[in-house]
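Shown here: input_38.csv, CSV, C-alpha atoms.
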chain,number,residue,atom,x,y,z
A,1,ASP,CA,112.8,78.5,96.5
A,2,GLN,CA,115.1,79.6,99.4
A,3,GLN,CA,113.7,78.2,102.5
A,4,VAL,CA,116.3,79.7,104.7
A,5,LYS,CA,117.1,83.4,104.2
A,6,GLN,CA,119.8,85.7,105.4
A,7,ASN,CA,118.9,89.1,104.2
A,8,SER,CA,122.1,90.9,105.2
A,9,PRO,CA,124.9,89.8,102.9
A,10,SER,CA,127.4,91.7,105.1
A,11,LEU,CA,127.9,93.2,108.5
A,12,SER,CA,130.8,95.2,110.0
A,13,VAL,CA,131.3,95.5,113.8
A,14,GLN,CA,133.9,97.1,116.0
A,15,GLU,CA,136.0,94.8,118.0
A,16,GLY,CA,134.6,94.3,121.5
A,17,ARG,CA,131.0,95.1,120.4
A,18,ILE,CA,128.2,92.7,119.8
A,19,SER,CA,127.6,91.1,116.4
A,20,ILE,CA,124.0,90.1,115.6
A,21,LEU,CA,123.5,87.9,112.6
A,22,ASN,CA,119.9,87.2,111.5
A,23,CYS,CA,118.2,84.4,109.7
A,24,ASP,CA,114.6,83.7,108.7
A,25,TYR,CA,113.0,80.5,107.5
A,26,THR,CA,109.8,79.6,105.9
A,27,ASN,CA,109.1,76.0,106.7
A,28,SER,CA,107.3,75.6,110.1
A,29,MET,CA,108.3,71.9,110.1
A,30,PHE,CA,111.9,72.8,110.6
A,31,ASP,CA,112.8,71.7,114.1
A,32,TYR,CA,116.6,72.1,114.5
A,33,PHE,CA,118.7,75.0,113.5
A,34,LEU,CA,122.5,75.4,113.2
A,35,TRP,CA,125.0,78.1,112.6
A,36,TYR,CA,128.2,77.5,110.6
A,37,LYS,CA,131.2,79.7,110.2
A,38,LYS,CA,133.2,79.6,106.9
A,39,TYR,CA,136.6,81.0,106.0
A,40,PRO,CA,137.5,81.5,102.3
A,41,ALA,CA,138.5,78.3,100.5
A,42,GLU,CA,137.5,76.2,103.5
A,43,GLY,CA,134.5,74.1,104.4
A,44,PRO,CA,132.0,75.4,106.9
A,45,THR,CA,132.7,74.7,110.6
A,46,PHE,CA,129.9,73.9,113.0
A,47,LEU,CA,129.4,76.6,115.6
A,48,ILE,CA,126.2,76.2,117.6
A,49,SER,CA,122.8,74.8,117.3
A,50,ILE,CA,119.3,75.0,118.8
A,51,SER,CA,116.3,72.7,119.0
A,52,SER,CA,112.9,74.1,118.3
A,53,ILE,CA,111.9,73.3,121.9
A,54,LYS,CA,114.2,75.9,123.1
A,55,ASP,CA,114.4,79.7,122.5
A,56,LYS,CA,118.0,80.2,123.5
A,57,ASN,CA,121.3,78.3,123.5
A,58,GLU,CA,124.5,79.8,124.8
A,59,ASP,CA,128.1,78.6,124.3
A,60,GLY,CA,130.8,81.0,125.4
A,61,ARG,CA,130.7,84.1,123.3
A,62,PHE,CA,128.0,82.7,121.0
A,63,THR,CA,124.3,82.7,121.7
A,64,VAL,CA,121.6,81.6,119.4
A,65,PHE,CA,118.0,82.9,119.8
A,66,LEU,CA,115.0,81.3,118.2
A,67,ASN,CA,111.6,82.9,117.7
A,68,LYS,CA,109.4,80.2,116.3
A,69,SER,CA,106.3,82.4,115.9
A,70,ALA,CA,108.3,84.8,113.7
A,71,LYS,CA,110.3,81.9,112.1
A,72,HIS,CA,113.4,83.9,113.0
A,73,LEU,CA,116.7,83.0,114.6
A,74,SER,CA,119.7,85.1,115.4
A,75,LEU,CA,123.3,84.5,116.4
A,76,HIS,CA,124.9,86.9,118.9
A,77,ILE,CA,128.6,87.1,119.3
A,78,VAL,CA,129.9,89.1,122.2
A,79,PRO,CA,132.5,90.4,122.5
A,80,SER,CA,133.3,90.3,118.8
A,81,GLN,CA,136.9,89.6,117.9
A,82,PRO,CA,138.8,90.1,114.6
A,83,GLY,CA,139.2,86.3,114.3
A,84,ASP,CA,135.4,86.1,114.1
A,85,SER,CA,135.6,87.7,110.6
A,86,ALA,CA,134.1,85.1,108.3
A,87,VAL,CA,131.0,84.1,106.5
A,88,TYR,CA,128.2,82.8,108.7
A,89,PHE,CA,125.6,80.4,107.4
A,90,CYS,CA,122.4,79.5,109.2
A,91,ALA,CA,120.9,76.1,108.4
A,92,SER,CA,117.8,74.3,109.2
A,93,ILE,CA,117.0,70.6,109.2
A,94,GLY,CA,114.0,69.5,107.2
A,95,ALA,CA,113.3,66.0,105.9
A,96,ASN,CA,116.8,64.9,107.0
A,97,ASN,CA,118.3,67.6,104.8
A,98,LEU,CA,120.2,70.6,105.8
A,99,PHE,CA,119.0,73.8,104.1
A,100,PHE,CA,121.5,76.6,104.2
A,101,GLY,CA,121.0,80.4,104.0
A,102,THR,CA,123.1,82.4,101.6
A,103,GLY,CA,125.5,83.6,104.3
A,104,THR,CA,126.4,86.9,106.0
A,105,ARG,CA,130.0,88.1,105.8
A,106,LEU,CA,131.0,89.4,109.2
A,107,THR,CA,133.9,91.8,109.4
A,108,VAL,CA,135.2,92.7,112.9
A,109,ILE,CA,137.2,95.9,112.8
A,110,PRO,CA,140.1,96.0,115.2
B,1,GLY,CA,133.8,66.6,115.8
B,2,ALA,CA,134.9,64.5,112.8
B,3,VAL,CA,137.9,65.4,110.7
B,4,VAL,CA,137.1,65.4,107.0
B,5,SER,CA,139.6,65.9,104.2
B,6,GLN,CA,139.1,66.5,100.5
B,7,HIS,CA,141.5,66.0,97.6
B,8,PRO,CA,142.3,67.9,95.5
B,9,SER,CA,141.7,71.3,97.0
B,10,ARG,CA,141.5,72.9,93.5
B,11,VAL,CA,141.5,71.5,90.0
B,12,ILE,CA,141.3,73.0,86.6
B,13,CYS,CA,140.2,70.7,83.7
B,14,LYS,CA,139.3,71.1,80.1
B,15,SER,CA,135.7,70.9,79.0
B,16,GLY,CA,134.6,67.3,78.2
B,17,THR,CA,137.0,65.6,80.6
B,18,SER,CA,136.2,63.9,83.9
B,19,VAL,CA,137.4,64.9,87.4
B,20,LYS,CA,137.3,62.8,90.5
B,21,ILE,CA,137.1,64.4,94.0
B,22,GLU,CA,137.8,62.4,97.1
B,23,CYS,CA,136.3,62.9,100.5
B,24,ARG,CA,137.8,61.1,103.5
B,25,SER,CA,136.6,60.8,107.0
B,26,LEU,CA,139.9,60.7,108.9
B,27,ASP,CA,138.8,59.8,112.4
B,28,PHE,CA,135.3,58.5,112.0
B,29,GLN,CA,133.6,55.7,110.1
B,30,ALA,CA,130.9,57.2,108.1
B,31,THR,CA,128.2,55.1,106.5
B,32,THR,CA,126.7,58.3,105.1
B,33,MET,CA,128.4,61.3,103.5
B,34,PHE,CA,126.9,64.3,101.9
B,35,TRP,CA,128.0,66.2,98.8
B,36,TYR,CA,127.2,69.9,98.4
B,37,ARG,CA,127.9,72.4,95.7
B,38,GLN,CA,128.2,76.1,96.3
B,39,PHE,CA,128.1,78.7,93.5
B,40,PRO,CA,129.4,82.2,94.2
B,41,LYS,CA,127.3,84.2,96.6
B,42,GLN,CA,124.9,81.4,97.0
B,43,SER,CA,124.1,78.9,99.7
B,44,LEU,CA,125.4,75.4,99.9
B,45,MET,CA,123.1,73.1,97.9
B,46,LEU,CA,122.9,69.4,98.7
B,47,MET,CA,123.6,67.3,95.6
B,48,ALA,CA,123.5,63.8,96.9
B,49,THR,CA,123.8,61.5,99.9
B,50,SER,CA,126.5,58.9,99.6
B,51,ASN,CA,125.7,55.6,101.2
B,52,GLU,CA,128.4,53.1,102.0
B,53,GLY,CA,127.9,49.9,100.1
B,54,SER,CA,124.8,51.0,98.2
B,55,LYS,CA,123.7,53.6,95.6
B,56,ALA,CA,123.8,57.3,96.3
B,57,THR,CA,120.6,59.2,96.7
B,58,TYR,CA,120.5,62.2,94.4
B,59,GLU,CA,118.6,65.5,95.0
B,60,GLN,CA,116.0,66.6,92.4
B,61,GLY,CA,117.7,68.2,89.4
B,62,VAL,CA,121.1,66.6,90.0
B,63,GLU,CA,122.0,64.2,87.1
B,64,LYS,CA,123.2,61.0,88.6
B,65,ASP,CA,124.9,59.9,85.3
B,66,LYS,CA,126.9,63.1,85.3
B,67,PHE,CA,127.9,63.2,89.0
B,68,LEU,CA,129.0,59.7,89.8
B,69,ILE,CA,129.3,58.9,93.5
B,70,ASN,CA,131.1,55.9,95.0
B,71,HIS,CA,131.2,55.2,98.7
B,72,ALA,CA,133.4,52.1,98.7
B,73,SER,CA,134.5,52.2,102.3
B,74,LEU,CA,133.5,53.7,105.6
B,75,THR,CA,136.1,56.4,105.3
B,76,LEU,CA,136.1,57.3,101.6
B,77,SER,CA,133.5,58.7,99.2
B,78,THR,CA,134.3,60.0,95.7
B,79,LEU,CA,132.5,62.3,93.4
B,80,THR,CA,133.3,62.1,89.7
B,81,VAL,CA,132.2,64.9,87.5
B,82,THR,CA,131.9,63.4,84.0
B,83,SER,CA,132.2,65.3,80.8
B,84,ALA,CA,132.6,68.5,82.7
B,85,HIS,CA,131.4,71.8,81.2
B,86,PRO,CA,132.2,75.3,82.3
B,87,GLU,CA,128.8,75.5,84.1
B,88,ASP,CA,130.0,72.7,86.4
B,89,SER,CA,132.7,75.1,87.7
B,90,SER,CA,131.9,75.4,91.4
B,91,PHE,CA,133.0,74.7,95.0
B,92,TYR,CA,132.2,71.1,95.9
B,93,ILE,CA,132.1,70.2,99.6
B,94,CYS,CA,131.5,66.9,101.3
B,95,SER,CA,130.4,66.4,104.9
B,96,VAL,CA,130.0,63.7,107.5
B,97,PRO,CA,127.1,63.7,109.9
B,98,GLY,CA,127.7,64.1,113.6
B,99,GLN,CA,125.9,62.5,116.5
B,100,ARG,CA,122.9,64.7,116.2
B,101,TYR,CA,122.0,67.0,113.3
B,102,GLU,CA,125.3,68.7,112.9
B,103,GLN,CA,127.5,67.9,109.9
B,104,TYR,CA,131.3,68.2,109.7
B,105,PHE,CA,132.5,69.5,106.4
B,106,GLY,CA,135.7,69.0,104.4
B,107,PRO,CA,137.7,71.9,103.2
B,108,GLY,CA,136.1,71.8,99.8
B,109,THR,CA,137.3,71.5,96.2
B,110,ARG,CA,137.3,74.4,93.8
B,111,LEU,CA,136.6,73.0,90.3
B,112,THR,CA,137.2,75.2,87.2
B,113,VAL,CA,136.3,73.9,83.8
B,114,THR,CA,137.8,75.8,80.9

Represent the structure from my file as C-alpha cells, please.
Amino acid sequence: DQQVKQNSPSLSVQEGRISILNCDYTNSMFDYFLWYKKYPAEGPTFLISISSIKDKNEDGRFTVFLNKSAKHLSLHIVPSQPGDSAVYFCASIGANNLFFGTGTRLTVIP
Amino acid sequence: GAVVSQHPSRVICKSGTSVKIECRSLDFQATTMFWYRQFPKQSLMLMATSNEGSKATYEQGVEKDKFLINHASLTLSTLTVTSAHPEDSSFYICSVPGQRYEQYFGPGTRLTVT
C-alpha cells in the first residue's frame, strides 16, 4: 500500500521556466515532509522539508507547498536549470519511518 | 549534512553466495543507520534500522536471517545478503539521520545476482 504517491513519473520543462512536482499522501498522521533529489547510481540528496504546521517553505529556487486538507504537497523550482534534471522523491515521516513516493523524473531542456 | 559512503558501489555475485555491503558515516557518529532497497521504478523501501551495539530492527516482510546487519561502531554498519538469489538483485542504500527528520544517504550499492 503506497502511502505516498507521485502520479507523474516524468516531467519536462524548458530552462528558465517553473517546474512543479506533485505528491499526495494518504496518512493524515504524517507531520513532516521532505523532498529528495536523486541522480542515477547515486543515493538521494536531501533538498527541502516542511512541517505540517506550515503551508510553505522556501529555500532559494526551491519552494515546497503543503495543503493538509487535500493531503497534497508540491515542489516548485524556479527558474529551472539543466542541472536540476534528476529524479525527485517526496517523503513523509510516519512512526519514525520515512515513506517515499515512487519519484518523478524531471528533465530540464536547455 | 553528514557524508555517507558505501562499498562496493556495484557487485555481481553468483546465486547462493553471500555479499557484504558496508556503510560508513565519514564525518558523523551515528548510533542509528537505515538500510533501504529500491527496485527499478519503485520507491525506496526501508528494510531495517541498524542500531550501534544492539540488534537491528527489521521491517515487516524482511527476513532477518537473510539480511544480516551489524553495526559494530558509530561509523560503520554492514548489510550481508546471505544465500543471494536473483530476486535479491536491487539497489541497496544506507542512510544516517540528520538533526531533525532528514536523512543523509550513501551513494548506494547495485547488487546483481546471477

- Task: Check the smallest atom-to-atom distance from each of A:Ser74, A:Thr102, A:Ser12, A:Ser49 to chain B using all atoms listed in the file, then report the winner.
- Result: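 Using all atoms listed in the file, the shortest distance to chain B belongs to A:Thr102.
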
- Enter the distance from atom CA of B:Phe28 to atom CA of B:Gln103, in Å, rounded to one decimal.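 Spanning atom CA of B:Phe28 to atom CA of B:Gln103 is a straight-line distance of 12.4 Å.
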
Listing only residues of chain A within 12 Å of chain B, what is the closest atom pair and its distance in Å (to one decimal) for each, using all atoms listed in the file, sorted by chain and residue number ascending, as a Markdown table?
| residue | atom | partner | partner_atom | distance |
| --- | --- | --- | --- | --- |
| A:Asp1 | CA | B:Met45 | CA | 11.7 |
| A:Gln2 | CA | B:Ser43 | CA | 9.0 |
| A:Gln3 | CA | B:Ser43 | CA | 10.8 |
| A:Val4 | CA | B:Ser43 | CA | 9.3 |
| A:Lys5 | CA | B:Ser43 | CA | 9.5 |
| A:Gln6 | CA | B:Ser43 | CA | 9.9 |
| A:Pro9 | CA | B:Lys41 | CA | 8.8 |
| A:Ser10 | CA | B:Lys41 | CA | 11.3 |
| A:Phe30 | CA | B:Tyr101 | CA | 12.0 |
| A:Asp31 | CA | B:Tyr101 | CA | 10.4 |
| A:Tyr32 | CA | B:Tyr101 | CA | 7.5 |
| A:Phe33 | CA | B:Tyr101 | CA | 8.7 |
| A:Leu34 | CA | B:Glu102 | CA | 7.3 |
| A:Trp35 | CA | B:Glu102 | CA | 9.4 |
| A:Tyr36 | CA | B:Glu102 | CA | 9.5 |
| A:Lys37 | CA | B:Phe105 | CA | 11.0 |
| A:Lys38 | CA | B:Pro107 | CA | 9.7 |
| A:Tyr39 | CA | B:Pro107 | CA | 9.6 |
| A:Pro40 | CA | B:Pro107 | CA | 9.6 |
| A:Ala41 | CA | B:Gly108 | CA | 7.0 |
| A:Glu42 | CA | B:Pro107 | CA | 4.3 |
| A:Gly43 | CA | B:Pro107 | CA | 4.1 |
| A:Pro44 | CA | B:Phe105 | CA | 5.9 |
| A:Thr45 | CA | B:Phe105 | CA | 6.7 |
| A:Phe46 | CA | B:Tyr104 | CA | 6.7 |
| A:Leu47 | CA | B:Glu102 | CA | 9.3 |
| A:Ile48 | CA | B:Glu102 | CA | 8.9 |
| A:Ser49 | CA | B:Glu102 | CA | 7.9 |
| A:Ile50 | CA | B:Tyr101 | CA | 10.1 |
| A:Ser51 | CA | B:Tyr101 | CA | 9.9 |
| A:Val87 | CA | B:Lys41 | CA | 10.6 |
| A:Tyr88 | CA | B:Ser43 | CA | 10.6 |
| A:Phe89 | CA | B:Ser43 | CA | 8.0 |
| A:Cys90 | CA | B:Ser43 | CA | 9.7 |
| A:Ala91 | CA | B:Leu44 | CA | 9.6 |
| A:Ser92 | CA | B:Tyr101 | CA | 9.4 |
| A:Ile93 | CA | B:Tyr101 | CA | 7.4 |
| A:Gly94 | CA | B:Tyr101 | CA | 10.4 |
| A:Ala95 | CA | B:Tyr101 | CA | 11.5 |
| A:Asn96 | CA | B:Tyr101 | CA | 8.4 |
| A:Asn97 | CA | B:Leu46 | CA | 7.8 |
| A:Leu98 | CA | B:Leu46 | CA | 7.7 |
| A:Phe99 | CA | B:Met45 | CA | 7.5 |
| A:Phe100 | CA | B:Ser43 | CA | 5.7 |
| A:Gly101 | CA | B:Ser43 | CA | 5.5 |
| A:Thr102 | CA | B:Ser43 | CA | 4.1 |
| A:Gly103 | CA | B:Ser43 | CA | 6.7 |
| A:Thr104 | CA | B:Lys41 | CA | 9.8 |
| A:Arg105 | CA | B:Lys41 | CA | 10.4 |

Can you write just those residues out, C-alpha atoms, as an mmCIF file, in the coordinates of the input?
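So the final result, stored in part.cif, reads:
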data_model
loop_
_atom_site.group_PDB
_atom_site.id
_atom_site.type_symbol
_atom_site.label_atom_id
_atom_site.label_comp_id
_atom_site.auth_asym_id
_atom_site.auth_seq_id
_atom_site.Cartn_x
_atom_site.Cartn_y
_atom_site.Cartn_z
ATOM 1 C CA ASP A 1 112.800 78.500 96.500
ATOM 2 C CA GLN A 2 115.100 79.600 99.400
ATOM 3 C CA GLN A 3 113.700 78.200 102.500
ATOM 4 C CA VAL A 4 116.300 79.700 104.700
ATOM 5 C CA LYS A 5 117.100 83.400 104.200
ATOM 6 C CA GLN A 6 119.800 85.700 105.400
ATOM 7 C CA PRO A 9 124.900 89.800 102.900
ATOM 8 C CA SER A 10 127.400 91.700 105.100
ATOM 9 C CA PHE A 30 111.900 72.800 110.600
ATOM 10 C CA ASP A 31 112.800 71.700 114.100
ATOM 11 C CA TYR A 32 116.600 72.100 114.500
ATOM 12 C CA PHE A 33 118.700 75.000 113.500
ATOM 13 C CA LEU A 34 122.500 75.400 113.200
ATOM 14 C CA TRP A 35 125.000 78.100 112.600
ATOM 15 C CA TYR A 36 128.200 77.500 110.600
ATOM 16 C CA LYS A 37 131.200 79.700 110.200
ATOM 17 C CA LYS A 38 133.200 79.600 106.900
ATOM 18 C CA TYR A 39 136.600 81.000 106.000
ATOM 19 C CA PRO A 40 137.500 81.500 102.300
ATOM 20 C CA ALA A 41 138.500 78.300 100.500
ATOM 21 C CA GLU A 42 137.500 76.200 103.500
ATOM 22 C CA GLY A 43 134.500 74.100 104.400
ATOM 23 C CA PRO A 44 132.000 75.400 106.900
ATOM 24 C CA THR A 45 132.700 74.700 110.600
ATOM 25 C CA PHE A 46 129.900 73.900 113.000
ATOM 26 C CA LEU A 47 129.400 76.600 115.600
ATOM 27 C CA ILE A 48 126.200 76.200 117.600
ATOM 28 C CA SER A 49 122.800 74.800 117.300
ATOM 29 C CA ILE A 50 119.300 75.000 118.800
ATOM 30 C CA SER A 51 116.300 72.700 119.000
ATOM 31 C CA VAL A 87 131.000 84.100 106.500
ATOM 32 C CA TYR A 88 128.200 82.800 108.700
ATOM 33 C CA PHE A 89 125.600 80.400 107.400
ATOM 34 C CA CYS A 90 122.400 79.500 109.200
ATOM 35 C CA ALA A 91 120.900 76.100 108.400
ATOM 36 C CA SER A 92 117.800 74.300 109.200
ATOM 37 C CA ILE A 93 117.000 70.600 109.200
ATOM 38 C CA GLY A 94 114.000 69.500 107.200
ATOM 39 C CA ALA A 95 113.300 66.000 105.900
ATOM 40 C CA ASN A 96 116.800 64.900 107.000
ATOM 41 C CA ASN A 97 118.300 67.600 104.800
ATOM 42 C CA LEU A 98 120.200 70.600 105.800
ATOM 43 C CA PHE A 99 119.000 73.800 104.100
ATOM 44 C CA PHE A 100 121.500 76.600 104.200
ATOM 45 C CA GLY A 101 121.000 80.400 104.000
ATOM 46 C CA THR A 102 123.100 82.400 101.600
ATOM 47 C CA GLY A 103 125.500 83.600 104.300
ATOM 48 C CA THR A 104 126.400 86.900 106.000
ATOM 49 C CA ARG A 105 130.000 88.100 105.800
#

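For the atom pair formed by atom CA of A:Asn67 and atom CA of B:Val96, the distance is 28.5 Å, given to one decimal.
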
- Item | Separation of atom CA of A:Val13 from atom CA of A:Leu106 in Å |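 Distance reported for this atom pair: 7.6 Å.
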
- Who sits within 6 Å of stretch 53-68 of chain B, only C-alpha atoms, same chain under 6 positions skipped, as a PyMOL selection string: chain B and resi 47+79-82

- Contacts of B:Thr78 within 9 Å, all atoms listed in the file, excl. fewer than 2 positions in-chain, as a ChimeraX atom specification: /B:20-24,50,68-72,76,80

Using C-alpha atoms, can you export the residues from the last selection as a compact mmCIF listing (two decimals), in the frame of the given file?
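Below is the file out.txt, written as the result:
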# COMPACT_ATOMS: atom_id res chain seq x y z
CA LYS B 20 137.30 62.80 90.50
CA ILE B 21 137.10 64.40 94.00
CA GLU B 22 137.80 62.40 97.10
CA CYS B 23 136.30 62.90 100.50
CA ARG B 24 137.80 61.10 103.50
CA SER B 50 126.50 58.90 99.60
CA LEU B 68 129.00 59.70 89.80
CA ILE B 69 129.30 58.90 93.50
CA ASN B 70 131.10 55.90 95.00
CA HIS B 71 131.20 55.20 98.70
CA ALA B 72 133.40 52.10 98.70
CA LEU B 76 136.10 57.30 101.60
CA THR B 80 133.30 62.10 89.70

- Nearby residues (only C-alpha atoms) at most 7 Å from B:Ser83, same-chain spacing under 6 positions excluded, as an NGL selection string: :B and (15-18)

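The environment of B:Ile12 within 9 Å, counting all atoms listed in the file and disregarding residues fewer than 5 places along the same chain, consists of Ser89, Arg110, Leu111, Thr112, Val113 and Thr114 of chain B.
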
- Non-local contacts of A:Ser28 (10 Å; all atoms listed in the file; under 5 positions in same chain excluded) as a PyMOL selection string: chain A and resi 68-71+94

- Item | Minimum-distance residue to B:Ala30, chosen among B:Ser90, B:Glu52, B:His85, B:Cys13 (using only C-alpha atoms) |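 For B:Ala30, the nearest of the candidates is B:Glu52.
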
- Task: Rank A:Ile53, A:Val78, A:Ala86, A:Ile18 by their smallest atom-to-atom distance to A:Leu66, using all atoms listed in the file, and report the top residue only.
- Result: A:Ile53
